[in-house]
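Enquirer: Please read through the structure below; I'll follow up with questions.
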2 protein chains.
Amino acid sequence: MMHWDEQTDVVVIGSGLAGLAAAIEARKAGASVVVFEKMPLTGGNTRISDGGLAAPGNYLQKRRGIPDSPELFYEDMAKAGLGLNHPELLKIVAEQASAAIDWTRSELGVEYLDRLDRFGGHSAARSLTTRSHSGVDIIKAQQACLRRLGGEIRTRCLLTALIQDGSGAVCGVSIQAGYKFAEEESGSKIHVRAARGVVLATGGFGSDIGFRSLQNPRLDESVGSTNHRGATSEGLVAALKIGAAPVHLSWIQTGPWACADESGYGKGARFASYSVFPGGILVDPATGRRIVNEWADRRQRSDALFRAGHACVGIVDTEGAELARQSLEHCLKSGKVKGFENLADLAAAYGMASEQLTATVDDYNRRIREGRPDPFGKPLSREVRLLSRPPFYAVRLWPKVHYTPGGIGINSEARVIDLANRPIPGLFAAGEVCGGIHGASRLGSCALTECLVFGRIAGRQAALPKPGRPN
Amino acid sequence: MMHWDEQTDVVVIGSGLAGLAAAIEARKAGASVVVFEKMPLTGGNTRISDGGLAAPGNYLQKRRGIPDSPELFYEDMAKAGLGLNHPELLKIVAEQASAAIDWTRSELGVEYLDRLDRFGGHSAARSLTTRSHSGVDIIKAQQACLRRLGGEIRTRCLLTALIQDGSGAVCGVSIQAGYKFAEEESGSKIHVRAARGVVLATGGFGSDIGFRSLQNPRLDESVGSTNHRGATSEGLVAALKIGAAPVHLSWIQTGPWACADESGYGKGARFASYSVFPGGILVDPATGRRIVNEWADRRQRSDALFRAGHACVGIVDTEGAELARQSLEHCLKSGKVKGFENLADLAAAYGMASEQLTATVDDYNRRIREGRPDPFGKPLSREVRLLSRPPFYAVRLWPKVHYTPGGIGINSEARVIDLANRPIPGLFAAGEVCGGIHGASRLGSCALTECLVFGRIAGRQAALPKPGRPN
């Protein structure tokens with residue numbers, strides 16, 4: 001007989017966007033809830049994210065009369081995912097994204113900037129950004145909401161194992177309480193019974209060099225990551241150990257907008273995401289030429305950088321830089337972004353042939369003005385920004401591990417599936433720990449959306465009393 | 001205390017090339033060996049393979065003075081694998097391939113045709129083919145050898161679980177003896193103790209629609225497979241269930257040379273592999289134009305077909321068809337390949353614009369004669385065959401699931417690794433059940449080579465007495 005130190009209805013592992021969404025919904029459904037977070041700080045990668053959420057048909061699109069639809073969103077994601085996406089899961093995200101945004105506004109009081117971005121691979125401007133330009137806005141709002149509802153969050157608590165009953169159903173967890181990150185023996189073990197369900201929302205493994213190297217040996221310690229250091233595989237591994245299906249683990253996403261001159265997510269990345277890629281061009285300093293459609297999806301842009309074999313230079317003019325004014329100021333101070341009065345100075349600073357860079361920019365501008373096709377397939381038209389008004393700004397870009405679209409399989413109720421595609425009773429998952437929704441590559445600003453949508457589903461489902469059992 | 005029905009030193013699961021190579025080596029190292037095969041017939045996919053084995057520096061290359069090296073082979077495989085290949089494993093295959101071929105000749109008496117093929121993605125003619133043009137030659141020779149050595153093979157015996165001792169080491173297997181394929185409840189359960197080791201050589205999951213759909217929902221029942229029907233995931237799943245690391249499971253290879261007009265591996269596939277791709281061109285009937293470098297690797301060629309969206313037509317002239325004379329005769333009879341006195345008749349038969357097809361062939365021939373670059377990147381020179389001598393032969397091609405490069409992780413001693421990259425004591429694996437060697441895509445004729453190399457390693461390692469334990 002198992003000795004339980006504690007009991008609750010629903011155990012949530014992980015306190016990022018997905019975990020907190022699950023906890024709130026479970027609590028609202030009447031279940032008692034404890035959230036365990038291994039790090040000293042809540043929020044996971046959400047906390048350091050840019051706070052972008054893509055949602056077709058969202059309130060700001062409606063207000064501005066921008067046509068969009070769940071079907072278009074689905075197609076964009078399936079294209080980036082190379083069609084590997086699990087259709088039933090992707091459909092749910094597409095259909096529930098806009099309502100999930102509304103929920104963050106009405107239920108949590110999250111506020112968004114009055115801007116809509118069209119990120120690479122999206123065929124509409126459909127991405128909202130939180131007011132402070134960071135996911136931390138939502139985390140704070142979720143924590144306040146959960147506190148009001150009487151849910152509990154405990155930090156420094158590492159999941160070490162999922163506990164199954166005789167029938168194979170997950171009925172609790174082993175927790176290392178008082179855990180100090182990366183110190184394996186720290187803390188003390190407790191067993192917590194989950195009378196209704198366990199929700200895994202432990203995020204991805206972008207900072208787990210050992211685990212990611214198994215899938216891609218090139219992503220060893222020499223490659224950076226935009227993730228927080230706690231983006232490791234313990235939760236995923238705990239699920240795999242009890243027979244959860246691994247889905248798309250081999251696909252690991254690198255961010256093409258990562259700045260070569262800083263570690264971690266950094267600030268240059270935001271400037272590149274919000275300014276260089278939407279409004280500028282990416283140039284190989286060795287040739288002075290563009291290397292890719294700057295609006296292509298992340299995989300295509302990263303692949304182009306890897307093919308170049310060295311950091312390339314993102315360039316915008318002063319109008320393009322306005323897309324991310326705050327980042328620009330910050331990055332100019334820290335030296336991540338540099339400003340130049342003319343292209344010749346910019347070329348000189350990066351060892352480029354000035355005439356070639358000028359020719360590249362002239363050709364690009366001419367194609368935009370004349371609406372001529374781009375050799376890289378960018379839909380050049382008068383809607384695309386010209387590179388014409390100095391000063392010009394430049395940032396060196398080289399990919400970092402950003403997101404792990406693979407993880408454990410789930411079904412449309414957020415139930416974790418086993419190797420025979422059957423739900424494992426009592427176990428639910430949401431967010432980056434799951435695989436299947438994004439397929440080969442995730443589009444920008446779709447992670448938080450997915451966390452919200454499936455986090456809510458997981459919480460509601462986990463709160464349902466188990467059939468035929470006392471609670 | 002476990003009740004064991006039987007005991008042997010080494011248990012081998014699977015009787016394809018890798019399993020039998022392991023059994024022979026284990027027996028030669030002095031261990032008692034039993035091979036369990038779930039199907040009524042031994043040999044797995046090896047039995048229906050074309051019997052091609054790539055090996056750099058093999059005896060026939062030496063005889064003919066063809067320069068090649070393990071380093072070149074490594075580079076070719078790493079390129080096809082998109083650099084995801086586990087370097088230490090790939091290096092072993094590259095370095096031991098030629099010696100493994102010699103072993104099949106000296107130890108098993110396998111005979112090879114006096115031909116060397118250069119298949120797509122290989123930068124040298126380095127692939128041998130067994131005398132009967134089928135892997136069954138090696139299976140028969142291995143079975144005879146194992147019989148001489150006193151090893152045992154039992155068919156209709158399904159692995160249902162790997163059994164671990166208290167320390168986590170694999171110490172035996174659960175077997176469903178008298179199993180009838182795909183009848184879950186057939187046969188009766190026995191437990192077999194493996195005093196020294198268990199070798200998993202259960203092959204890939206190309207015929208396992210449920211398991212492959214988890215990784216790629218498009219590869220559902222509507223997509224064919226070249227594999228035998230027993231290419232299912234039970235062995236792989238048994239290993240994953242005890243915590244073996246899944247590696248590269250998301251990559252599933254389709255064969256671009258699969259014939260659209262027959263099911264299974266078929267005969268058209270061989271004609272396409274040995275004649276159309278080395279000696280001819282691949283044309284989209286909707287446009288009358290080529291769609292790819294016919295010498296590109298399988299992934300690139302399959303992707304080109306998937307982009308076309310329908311079966312395309314492989315075309316060779318009479319000289320190119322001579323590369324696979326026997327196949328040609330067989331396929332002409334069955335109607336899989338059709339012969340035409342001229343290109344106009346061929347075009348008409350497939351609904352192509354005759355002038356466009358003629359223009360395509362003329363342009364192709366002209367580039368070969370003049371050594372001009374190919375828009376698809378094929379290295380056109382006078383060494384490439386012209387399409388000039390009628391009759392012309394044509395076959396309709398559409399990809400089928402062919403190979404699953406992903407599987408469980410192993411180390412350089414063929415020990416299965418767990419999710420933390422540590423060996424699982426007592427468990428070894430070789431062949432298609434493993435992941436990591438081929439990365440994103442396997443080159444043609446490298447599967448049998450890998451089975452031989454790692455099958456032998458697994459057998460030798462599994463036969464070693466366990467440290468500190470009685471045998």
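The way I read the labels, and the way they are meant: chains A, B, ... in the order of the structure tokens, residue 1 as the first residue of every chain, and ligand 1 as the first ligand shown, with later ones counted on from there.
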Identify all chain A residues at most 8 Å from chain B by counting only C-alpha atoms; ligands do not count. Present them as a ChimeraX atom specification.
Expert: /A:83-87,210-211,214-218,237,240-243,246-251,409,419-421,436
Enquirer: Using only C-alpha atoms, which protein or nucleic acid residues come within 12 Å of Gly197 of chain B? Drop anything in the same chain fewer than 2 positions from it, and give the result as an MDAnalysis selection string.
Expert: chainID B and resid 7:13 22:23 26 31:34 162:164 169:173 192:195 199:200 414:416 424:429 458:467 471
Enquirer: Skip segment 295-304 of chain A itself and residues of its chain fewer than 6 positions away, then list as a ChimeraX atom specification all residues within 6 Å of it, counting only C-alpha atoms.
Expert: /A:120-121,256
Enquirer: Just C-alpha atoms for this one: save the residues we selected as a JSON list (two decimals), in the first residue's frame.
Expert:
```json
[["chain", "number", "residue", "atom", "x", "y", "z"],
["A", 120, "GLY", "CA", 6.95, 34.75, -40.51],
["A", 121, "GLY", "CA", 4.76, 32.00, -41.95],
["A", 256, "PRO", "CA", 16.67, 32.49, -36.64]]
```
Enquirer: Quick one: residues within 7 Å of His191 of chain B, only C-alpha atoms counted, chain neighbours fewer than 6 positions away excluded, as a list in words?
Expert: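 The neighbour list is Trp4, Asp5, Glu6, Val173, Ser174 and Ile175 of chain B.
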Enquirer: For the residues in that selection, give me C-alpha atoms as a PDB file, in the first residue's frame.
Expert:
```pdb
ATOM      1  CA  TRP B   4      11.423 -19.270 -15.787  1.00  0.00           C
ATOM      2  CA  ASP B   5      10.157 -21.802 -18.308  1.00  0.00           C
ATOM      3  CA  GLU B   6      13.458 -21.913 -20.126  1.00  0.00           C
ATOM      4  CA  VAL B 173      11.769 -12.117 -22.011  1.00  0.00           C
ATOM      5  CA  SER B 174       8.082 -12.943 -22.097  1.00  0.00           C
ATOM      6  CA  ILE B 175       7.252 -14.805 -25.271  1.00  0.00           C
TER       7      ILE B 175
END
```
Enquirer: To one decimal place in Å, what is the distance between atom CA of Cys145 of chain B and atom CA of Gly19 of chain B?
Expert: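 A separation of 13.2 Å between them.
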Enquirer: For a test of reading the model, state the distance in Å between atom CA of Ala182 of chain B and atom CA of Gly204 of chain B, rounded to one decimal.
Expert: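 So the answer is 16.2 Å.
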Enquirer: Find the spatial neighbours of segment 392-398 of chain A, counting only C-alpha atoms, within a cut-off of 7 Å - ignore same-chain residues fewer than 5 positions away - and output them as a PyMOL selection string.
Expert: chain A and resi 256-261+305+311-318+336-342
